[in-house]
file structure_20.txt (compact mmCIF, C-alpha atoms)
# COMPACT_ATOMS: atom_id res chain seq x y z
CA MET A 1 -4.37 -7.23 -13.06
CA ARG A 2 -1.55 -8.07 -10.74
CA SER A 3 1.03 -10.65 -11.61
CA VAL A 4 3.99 -12.37 -10.04
CA ASP A 5 6.72 -9.99 -11.18
CA ALA A 6 9.97 -8.66 -9.75
CA GLY A 7 8.06 -6.15 -7.64
CA TYR A 8 5.91 -8.83 -6.06
CA LEU A 9 8.91 -11.04 -5.33
CA LEU A 10 10.80 -8.10 -3.86
CA ALA A 11 7.84 -7.28 -1.60
CA LEU A 12 7.66 -10.92 -0.51
CA GLY A 13 11.40 -10.98 0.13
CA VAL A 14 11.29 -7.82 2.23
CA THR A 15 8.33 -9.20 4.17
CA LEU A 16 10.18 -12.41 4.95
CA VAL A 17 13.38 -10.62 5.89
CA LEU A 18 11.43 -8.54 8.39
CA GLU A 19 9.09 -11.20 9.76
CA LEU A 20 11.39 -14.22 10.03
CA PRO A 21 13.70 -12.79 12.73
CA VAL A 22 10.73 -11.64 14.82
CA VAL A 23 9.14 -15.08 14.80
CA MET A 24 12.45 -16.82 15.40
CA LEU A 25 13.22 -14.47 18.30
CA LEU A 26 9.89 -15.18 19.99
CA PHE A 27 10.35 -18.93 19.58
CA ARG A 28 14.07 -19.07 20.24
CA SER A 29 14.13 -22.63 21.56
CA GLN A 30 12.54 -24.00 18.38
CA TRP A 31 13.52 -21.38 15.85
CA LYS A 32 14.14 -23.81 12.99
CA ARG A 33 10.66 -25.25 13.14
CA LEU A 34 9.08 -21.80 13.40
CA ALA A 35 11.28 -20.35 10.65
CA LEU A 36 9.94 -22.98 8.28
CA SER A 37 6.41 -22.32 9.46
CA CYS A 38 6.92 -18.58 8.94
CA LEU A 39 8.25 -19.10 5.42
CA VAL A 40 5.26 -21.19 4.36
CA ALA A 41 2.56 -19.22 6.18
CA THR A 42 3.85 -15.80 5.11
CA ALA A 43 4.26 -16.86 1.49
CA MET A 44 0.67 -18.11 1.49
CA THR A 45 -0.92 -15.11 3.16
CA HIS A 46 1.16 -12.75 1.01
CA TRP A 47 -0.07 -14.45 -2.13
CA LEU A 48 -3.68 -14.42 -0.93
CA MET A 49 -3.38 -10.78 0.07
CA HIS A 50 -2.16 -9.78 -3.37
CA PHE A 51 -4.23 -11.96 -5.64
CA ILE A 52 -7.37 -13.17 -3.88
CA VAL A 53 -8.39 -10.56 -1.31
CA PRO A 54 -8.61 -7.76 -3.95
CA LEU A 55 -11.18 -9.88 -5.78
CA ILE A 56 -13.48 -10.24 -2.79
CA THR A 57 -13.32 -6.73 -1.36
CA SER A 58 -14.87 -3.60 -2.76
CA SER A 59 -12.66 -0.85 -1.39
CA TYR A 60 -9.07 -0.33 -0.41
CA LEU A 61 -10.00 0.03 3.23
CA SER A 62 -11.91 -3.25 3.34
CA TYR A 63 -9.09 -4.89 1.39
CA LEU A 64 -6.59 -3.77 3.99
CA ILE A 65 -8.66 -4.74 7.00
CA VAL A 66 -9.78 -8.12 5.64
CA GLY A 67 -6.36 -8.99 4.22
CA GLU A 68 -4.25 -7.89 7.16
CA SER A 69 -6.62 -9.46 9.70
CA PHE A 70 -6.46 -12.71 7.79
CA ALA A 71 -2.67 -12.50 7.65
CA THR A 72 -2.31 -11.80 11.37
CA PHE A 73 -4.70 -14.48 12.58
CA GLY A 74 -3.79 -17.02 9.88
CA GLU A 75 -0.09 -16.78 10.55
CA GLY A 76 -0.69 -16.72 14.30
CA LEU A 77 -2.62 -19.96 13.99
CA ALA A 78 0.17 -21.50 11.92
CA TYR A 79 2.83 -20.52 14.46
CA GLY A 80 0.68 -21.78 17.31
CA VAL A 81 0.21 -25.15 15.66
CA ALA A 82 3.88 -25.41 14.69
CA ALA A 83 5.05 -24.70 18.23
CA GLU A 84 5.82 -27.65 20.50
CA PRO A 85 3.75 -27.73 22.65
CA THR A 86 0.97 -25.91 20.81
CA ASN A 87 0.92 -22.25 21.83
CA PHE A 88 -1.64 -20.07 20.06
CA ILE A 89 -1.16 -17.04 22.28
CA ARG A 90 2.54 -16.79 21.60
CA GLY A 91 1.83 -17.55 17.93
CA LEU A 92 -0.59 -14.63 17.75
CA MET A 93 1.83 -12.38 19.55
CA ALA A 94 4.61 -13.22 17.10
CA SER A 95 2.32 -12.81 14.12
CA ALA A 96 0.94 -9.45 15.28
CA LEU A 97 4.41 -8.07 15.96
CA ALA A 98 5.85 -9.39 12.69
CA ASN A 99 2.95 -8.20 10.57
CA GLY A 100 2.78 -4.82 12.27
CA LEU A 101 6.48 -4.33 11.71
CA SER A 102 6.48 -5.35 8.04
CA TYR A 103 3.36 -3.32 7.29
CA GLY A 104 4.80 -0.27 9.03
CA VAL A 105 8.11 -0.53 7.19
CA GLY A 106 6.15 -0.88 3.96
CA LEU A 107 4.46 2.45 4.62
CA PHE A 108 7.85 4.13 4.66
CA VAL A 109 9.56 2.15 1.93
CA SER A 110 6.76 2.19 -0.62
CA PRO A 111 6.89 5.91 -1.58
CA LEU A 112 10.69 5.77 -1.66
CA TRP A 113 10.70 2.71 -3.90
CA GLN A 114 8.06 4.30 -6.07
CA SER A 115 10.16 7.39 -6.70
CA LEU A 116 13.28 5.32 -7.38
CA TYR A 117 11.49 2.92 -9.70
CA SER A 118 9.92 5.69 -11.73
CA MET B 1 12.03 -12.99 29.64
CA ARG B 2 12.02 -9.59 31.31
CA ARG B 3 14.71 -8.37 28.90
CA LEU B 4 12.72 -9.69 25.97
CA PHE B 5 9.66 -7.82 27.23
CA PHE B 6 11.56 -4.53 27.42
CA PHE B 7 13.10 -5.13 24.02
CA LEU B 8 9.69 -5.69 22.46
CA ALA B 9 8.17 -2.71 24.25
CA TRP B 10 11.03 -0.59 22.98
CA MET B 11 10.48 -1.84 19.43
CA VAL B 12 6.76 -1.12 19.56
CA GLY B 13 7.32 2.32 21.09
CA THR B 14 9.94 3.27 18.54
CA PHE B 15 7.83 2.07 15.69
CA ALA B 16 4.69 3.83 16.91
CA ASN B 17 6.63 7.04 17.41
CA THR B 18 8.14 7.01 13.95
CA TYR B 19 4.81 6.15 12.38
CA TRP B 20 2.84 8.94 13.98
CA ALA B 21 5.64 11.43 13.48
CA ARG B 22 5.74 10.99 9.73
CA ALA B 23 4.27 13.50 7.33
CA ASP B 24 1.16 11.83 6.06
CA CYS B 25 0.62 14.25 3.23
CA ASP B 26 4.01 13.51 1.74
CA ASP B 27 3.61 9.77 2.04
CA GLY B 28 -0.01 9.23 1.23
CA ALA B 29 -2.10 11.90 -0.43
CA TYR B 30 -0.15 12.71 -3.55
CA TYR B 31 -0.17 12.40 -7.28
CA ARG B 32 2.99 11.50 -9.13
CA LEU B 33 2.98 11.36 -12.89
CA TYR B 34 5.72 10.10 -15.14
CA GLN B 35 5.95 9.53 -18.84
CA LYS B 36 7.73 6.25 -19.31
CA GLU B 37 10.87 6.44 -21.37
CA ASN B 38 10.42 6.10 -25.13
CA SER B 39 6.71 5.48 -24.82
CA TYR B 40 3.34 7.15 -24.68
CA THR B 41 2.53 5.59 -21.32
CA VAL B 42 1.80 7.78 -18.34
CA GLU B 43 2.33 6.19 -14.96
CA VAL B 44 -0.13 7.57 -12.45
CA CYS B 45 0.78 6.95 -8.81
CA VAL B 46 -1.72 8.12 -6.23
CA GLY B 47 -0.05 7.13 -3.01
CA THR B 48 -1.76 3.82 -2.48
CA ASP B 49 -2.17 0.48 -4.13
CA CYS B 50 -3.69 0.33 -7.59
CA PRO B 51 -6.49 -0.12 -8.46
CA PHE B 52 -8.17 1.99 -5.85
CA ARG B 53 -10.57 4.76 -6.68
CA PRO B 54 -11.27 5.62 -10.31
CA VAL B 55 -8.81 8.02 -11.93
CA VAL B 56 -9.85 10.53 -14.57
CA ARG B 57 -7.72 12.09 -17.27
CA GLN B 58 -8.59 15.54 -18.56
CA ASN B 59 -7.14 16.91 -21.77
CA VAL B 60 -6.28 20.49 -20.86
CA GLU B 61 -6.61 21.73 -24.46
CA THR B 62 -9.85 20.00 -25.47
CA ASP B 63 -11.38 19.27 -22.03
CA GLU B 64 -12.00 15.69 -23.14
CA LEU B 65 -12.55 13.44 -20.11
CA VAL B 66 -11.81 9.75 -19.86
CA GLN B 67 -11.68 7.31 -16.98
CA LEU B 68 -8.62 5.07 -16.77
CA SER B 69 -8.99 1.33 -16.64
CA SER B 70 -7.81 -0.56 -13.56
CA PHE B 71 -4.65 -1.62 -15.35
CA CYS B 72 -1.78 -1.39 -12.91
CA ASP B 73 1.86 -2.29 -13.06
CA GLY B 74 5.15 -1.72 -11.29
CA PRO B 75 6.16 -2.64 -7.77
CA ASP B 76 3.66 -0.28 -6.23
CA GLY B 77 0.84 -0.82 -8.64
CA CYS B 78 0.59 2.58 -10.29
CA TYR B 79 -2.09 3.10 -12.91
CA GLN B 80 -0.72 2.69 -16.43
CA ASP B 81 -2.33 4.98 -18.96
CA GLU B 82 -1.08 3.68 -22.26
CA CYS B 83 -1.08 5.24 -25.70
CA VAL B 84 -1.69 8.79 -24.56
CA ALA B 85 -1.36 11.24 -27.44
CA PRO B 86 1.18 14.05 -27.00
CA GLY B 87 -0.40 16.93 -25.13
CA THR B 88 -1.07 18.27 -21.67
CA TYR B 89 -3.29 16.38 -19.25
CA ARG B 90 -4.58 16.45 -15.72
CA TYR B 91 -5.00 13.26 -13.75
CA GLY B 92 -7.04 13.08 -10.58
CA LEU B 93 -9.17 10.80 -8.46
CA THR B 94 -12.92 11.01 -8.99
CA GLN B 95 -13.21 11.13 -5.20
CA PRO B 96 -10.53 13.51 -4.02
CA PHE B 97 -8.36 12.97 -1.00
CA THR B 98 -9.86 14.05 2.27
CA CYS B 99 -7.77 15.97 4.69
CA ASP B 100 -7.15 17.23 8.15
CA GLU B 101 -6.00 20.81 8.42
CA ALA B 102 -4.00 20.05 11.52
CA VAL B 103 -1.86 17.58 9.60
CA CYS B 104 -1.89 18.84 6.06
CA ASP B 105 -1.85 22.63 6.36
CA GLY B 106 -5.11 22.70 4.46
CA GLU B 107 -3.69 21.76 1.10
CA ILE B 108 -4.40 18.64 -0.83
CA ASP B 109 -4.19 18.52 -4.60
CA TYR B 110 -7.16 17.56 -6.70
CA TYR B 111 -5.02 16.58 -9.65
CA ALA B 112 -1.55 16.66 -11.14
CA GLU B 113 -0.62 17.85 -14.60
CA ILE B 114 1.76 16.37 -17.12
CA THR B 115 2.77 17.13 -20.67
CA VAL B 116 3.22 14.01 -22.73
CA ALA B 117 6.10 14.56 -25.11
CA ASP B 118 6.14 13.39 -28.70
CA GLN B 119 8.55 10.46 -29.00
CA THR B 120 8.84 10.47 -32.78
CA ALA B 121 12.41 11.78 -32.55
CA ASN B 122 13.23 8.68 -30.49
CA GLY B 123 11.81 6.42 -33.18
CA VAL B 124 8.54 5.74 -31.37
CA GLU B 125 5.49 6.65 -33.41
CA PHE B 126 2.25 7.31 -31.59
CA ASP B 127 0.21 5.70 -34.36
CA GLU B 128 1.97 2.40 -33.75
CA CYS B 129 1.22 2.35 -30.02
CA GLU B 130 -0.70 -0.70 -28.81
CA LEU B 131 -2.36 -1.35 -25.48
CA ASN B 132 -1.21 -4.19 -23.30
CA PRO B 133 -3.63 -7.13 -23.77
CA ASP B 134 -4.62 -6.84 -20.09
CA ASN B 135 -5.47 -3.18 -20.46
CA SER B 136 -9.10 -2.61 -21.37
CA GLY B 137 -8.37 1.02 -22.23
CA VAL B 138 -10.03 4.25 -21.19
CA VAL B 139 -13.75 4.97 -21.26
CA HIS B 140 -15.57 8.24 -21.71
CA TYR B 141 -16.29 10.05 -18.44
CA ASN B 142 -19.27 12.36 -18.19
CA GLN B 143 -19.54 13.15 -14.48
CA PRO B 144 -18.57 16.50 -12.96
CA LEU B 145 -14.92 16.75 -11.98
CA PRO B 146 -14.05 17.34 -8.32
CA TRP B 147 -11.81 20.25 -9.36
CA GLU B 148 -14.25 22.06 -11.61
CA GLY B 149 -14.27 25.74 -10.71
CA LYS B 150 -11.70 25.25 -7.96
CA GLU B 151 -8.03 25.95 -7.53
CA ASN B 152 -5.73 22.98 -7.28
CA GLY B 153 -4.27 22.61 -3.81
CA GLU B 154 -7.30 24.09 -2.09
CA SER B 155 -9.41 21.02 -1.68
CA CYS B 156 -8.73 20.69 1.98
CA GLN B 157 -11.85 20.93 4.04
CA VAL B 158 -11.89 19.11 7.33
CA ASP B 159 -14.47 16.41 6.91
CA ASN B 160 -13.47 12.84 7.52
CA GLY B 161 -10.47 13.80 9.55
CA ALA B 162 -7.92 12.09 7.36
CA CYS B 163 -5.59 13.70 4.87
CA SER B 164 -4.31 10.59 3.24
CA VAL B 165 -6.03 7.64 1.71
CA VAL B 166 -3.40 5.53 3.40
CA THR B 167 -4.06 6.76 6.90
CA PRO B 168 -7.43 5.27 7.87
CA GLY B 169 -6.45 1.82 6.64
CA ALA B 170 -2.95 2.05 8.03
CA MET B 171 -4.28 3.09 11.40
CA SER B 172 -6.67 0.13 11.38
CA VAL B 173 -3.96 -2.35 10.45
CA LEU B 174 -1.47 -1.04 12.99
CA SER B 175 -4.14 -0.85 15.68
CA LEU B 176 -5.21 -4.41 14.98
CA ASN B 177 -1.68 -5.74 15.20
CA GLY B 178 -0.85 -3.62 18.21
CA LEU B 179 -3.95 -4.74 20.05
CA VAL B 180 -3.44 -8.41 19.28
CA PHE B 181 0.19 -8.13 20.35
CA LEU B 182 -0.61 -6.40 23.63
CA ILE B 183 -3.46 -8.75 24.53
CA SER B 184 -1.25 -11.76 23.81
CA LEU B 185 1.55 -10.29 25.90
CA LEU B 186 -0.79 -9.60 28.79
CA MET B 187 -2.22 -13.11 28.61
CA ILE B 188 1.23 -14.62 28.72
CA TYR B 189 2.14 -12.61 31.81
CA TRP B 190 -1.23 -13.18 33.41
CA ARG B 191 -0.87 -16.96 33.09
CA ARG B 192 2.55 -16.97 34.74

call {"tool": "encode", "arguments": {"input": "structure_20.txt", "output": "structure tokens"}}
result
Amino acid sequence: MRSVDAGYLLALGVTLVLELPVVMLLFRSQWKRLALSCLVATAMTHWLMHFIVPLITSSYLSYLIVGESFATFGEGLAYGVAAEPTNFIRGLMASALANGLSYGVGLFVSPLWQSLYS
Amino acid sequence: MRRLFFFLAWMVGTFANTYWARADCDDGAYYRLYQKENSYTVEVCVGTDCPFRPVVRQNVETDELVQLSSFCDGPDGCYQDECVAPGTYRYGLTQPFTCDEAVCDGEIDYYAEITVADQTANGVEFDECELNPDNSGVVHYNQPLPWEGKENGESCQVDNGACSVVTPGAMSVLSLNGLVFLISLLMIYWRR
């Protein structure tokens, strides 16, 4: 069973470090508002992805697809609502870019971290 | 806005290039086994999040087979096989990795082997080992092993076209995000 440990917090921290600048860059004129939105939305989807989605999916592939789709569209919705005026398309664009980037970096970092940790 | 567009396109291109250029076999389809210091715990990392597919442990000397519980720990969620008696073991997935000869040179391991060392000299007695309360322990496994009668490292037969358990999911995730990003970008430009 997973738990909130140093590894989870590190993963969340790395995710935020990667995703925050992307969202702020794409909403430069209101970066403070969107940075806050990114913090809250990413923390929520990250938690759901790690603790809830594994319980409702039966394979790793479905876990990935369901979880990452939820993260992309959920965060996109949050950014769209937080933007002034509301802008779902730009919110989705920011979310897709941020999530793609953090997931891709995770693919590279994970084996490295694994070998260092062990 | 034009500069931002080129910057983003550059980022996406660079990222896509580095992703598809990486060696999938090294990053995804592997077994890494470690005996944790001063313990009888074997950490079994299979290149993806844990729990994933069932993992089996085979005692090389007695041929005893057990299936590990879904007890995972560590930053990458490796399987934790606790209270393993000193001896030599093989660990492998009950459903082996699939592979693509073009990417993996036709070699994917069925299992990895480890010798669990006696820790008595370090003051850690095996008899006193206790499972973590969240660990339900191993259960007897009586199905045929994927590596029975085969050489390790020769499991590669082109079937599903993927050498790594990470690849199909990773491709889906990256494709999803890439598609959403591109459609959004096009819509923004189209509306201008």

call {"tool": "closest_residue", "arguments": {"input": "structure_20.txt", "among": "B:Leu179, B:Ala170, B:Leu186, B:Leu145", "to": "Tyr63 of chain A", "atoms": "only C-alpha atoms"}}
result
B:Ala170

call {"tool": "closest_residue", "arguments": {"input": "structure_20.txt", "among": "B:Pro133, B:Gly178, B:Pro96, B:Pro54", "to": "Val66 of chain B", "atoms": "only C-alpha atoms"}}
result
B:Pro54

call {"tool": "closest_residue", "arguments": {"input": "structure_20.txt", "among": "B:Gln80, B:Asn142, B:Ser172, B:Asn122", "to": "Asn38 of chain B", "atoms": "all atoms listed in the file"}}
result
B:Asn122

call {"tool": "closest_residue", "arguments": {"input": "structure_20.txt", "among": "B:Asp81, B:Glu125, B:Asp134, B:Asp118", "to": "chain A", "atoms": "only C-alpha atoms"}}
result
B:Asp134

call {"tool": "closest_residue", "arguments": {"input": "structure_20.txt", "among": "B:Ala85, B:Val60, B:Leu185, B:Val44", "to": "Val116 of chain B", "atoms": "all atoms listed in the file"}}
result
B:Ala85

call {"tool": "closest_residue", "arguments": {"input": "structure_20.txt", "among": "A:Leu77, A:Leu34, A:Leu25, A:Met44", "to": "chain B", "atoms": "only C-alpha atoms"}}
result
A:Leu25

call {"tool": "atom_distance", "arguments": {"input": "structure_20.txt", "atom1": "atom CA of Asp109 of chain B", "atom2": "atom CA of Tyr31 of chain B"}}
result
7.8 Å

call {"tool": "atom_distance", "arguments": {"input": "structure_20.txt", "atom1": "atom CA of Ala43 of chain A", "atom2": "atom CA of Phe88 of chain A"}}
result
19.7 Å

call {"tool": "residues_near_point", "arguments": {"input": "structure_20.txt", "point": "(8.5, 6.1, -23.4)", "cutoff": "10 Å", "atoms": "all atoms listed in the file", "output": "list in words"}}
result
Tyr34, Gln35, Lys36, Glu37, Asn38, Ser39, Tyr40, Thr41, Val42, Glu82, Cys83, Val116, Ala117, Asp118, Gln119, Asn122 and Val124 of chain B

call {"tool": "write_last_selection", "arguments": {"input": "structure_20.txt", "atoms": "C-alpha atoms", "output": "mmCIF file, in the frame of the given file"}}
result
data_model
loop_
_atom_site.group_PDB
_atom_site.id
_atom_site.type_symbol
_atom_site.label_atom_id
_atom_site.label_comp_id
_atom_site.auth_asym_id
_atom_site.auth_seq_id
_atom_site.Cartn_x
_atom_site.Cartn_y
_atom_site.Cartn_z
ATOM 1 C CA TYR B 34 5.720 10.100 -15.140
ATOM 2 C CA GLN B 35 5.950 9.530 -18.840
ATOM 3 C CA LYS B 36 7.730 6.250 -19.310
ATOM 4 C CA GLU B 37 10.870 6.440 -21.370
ATOM 5 C CA ASN B 38 10.420 6.100 -25.130
ATOM 6 C CA SER B 39 6.710 5.480 -24.820
ATOM 7 C CA TYR B 40 3.340 7.150 -24.680
ATOM 8 C CA THR B 41 2.530 5.590 -21.320
ATOM 9 C CA VAL B 42 1.800 7.780 -18.340
ATOM 10 C CA GLU B 82 -1.080 3.680 -22.260
ATOM 11 C CA CYS B 83 -1.080 5.240 -25.700
ATOM 12 C CA VAL B 116 3.220 14.010 -22.730
ATOM 13 C CA ALA B 117 6.100 14.560 -25.110
ATOM 14 C CA ASP B 118 6.140 13.390 -28.700
ATOM 15 C CA GLN B 119 8.550 10.460 -29.000
ATOM 16 C CA ASN B 122 13.230 8.680 -30.490
ATOM 17 C CA VAL B 124 8.540 5.740 -31.370
#

call {"tool": "residues_around", "arguments": {"input": "structure_20.txt", "residues": "segment 71-75 of chain A", "least_positions_apart": "4", "cutoff": "6 Å", "atoms": "all atoms listed in the file", "output": "PyMOL selection string"}}
result
chain A and resi 41+45+95-96

call {"tool": "atom_distance", "arguments": {"input": "structure_20.txt", "atom1": "atom CA of Thr115 of chain B", "atom2": "atom CA of Gly87 of chain B"}}
result
5.5 Å

call {"tool": "residues_near_point", "arguments": {"input": "structure_20.txt", "point": "(-0.5, -22.6, 21.1)", "cutoff": "12 Å", "atoms": "only C-alpha atoms", "output": "ChimeraX atom specification"}}
result
/A:27,76-94 /B:184,188

call {"tool": "residues_around", "arguments": {"input": "structure_20.txt", "residues": "Leu16 of chain A", "least_positions_apart": "2", "cutoff": "10 Å", "atoms": "all atoms listed in the file", "output": "list of chain:residue names"}}
result
A:Leu10, A:Ala11, A:Leu12, A:Gly13, A:Val14, A:Leu18, A:Glu19, A:Leu20, A:Pro21, A:Val22, A:Ala35, A:Cys38, A:Leu39, A:Thr42, A:Ala43, A:His46, A:Ala98, A:Ser102

call {"tool": "residues_around", "arguments": {"input": "structure_20.txt", "residues": "Asn152 of chain B", "least_positions_apart": "5", "cutoff": "8 Å", "atoms": "only C-alpha atoms", "output": "PyMOL selection string"}}
result
chain B and resi 108-111+147
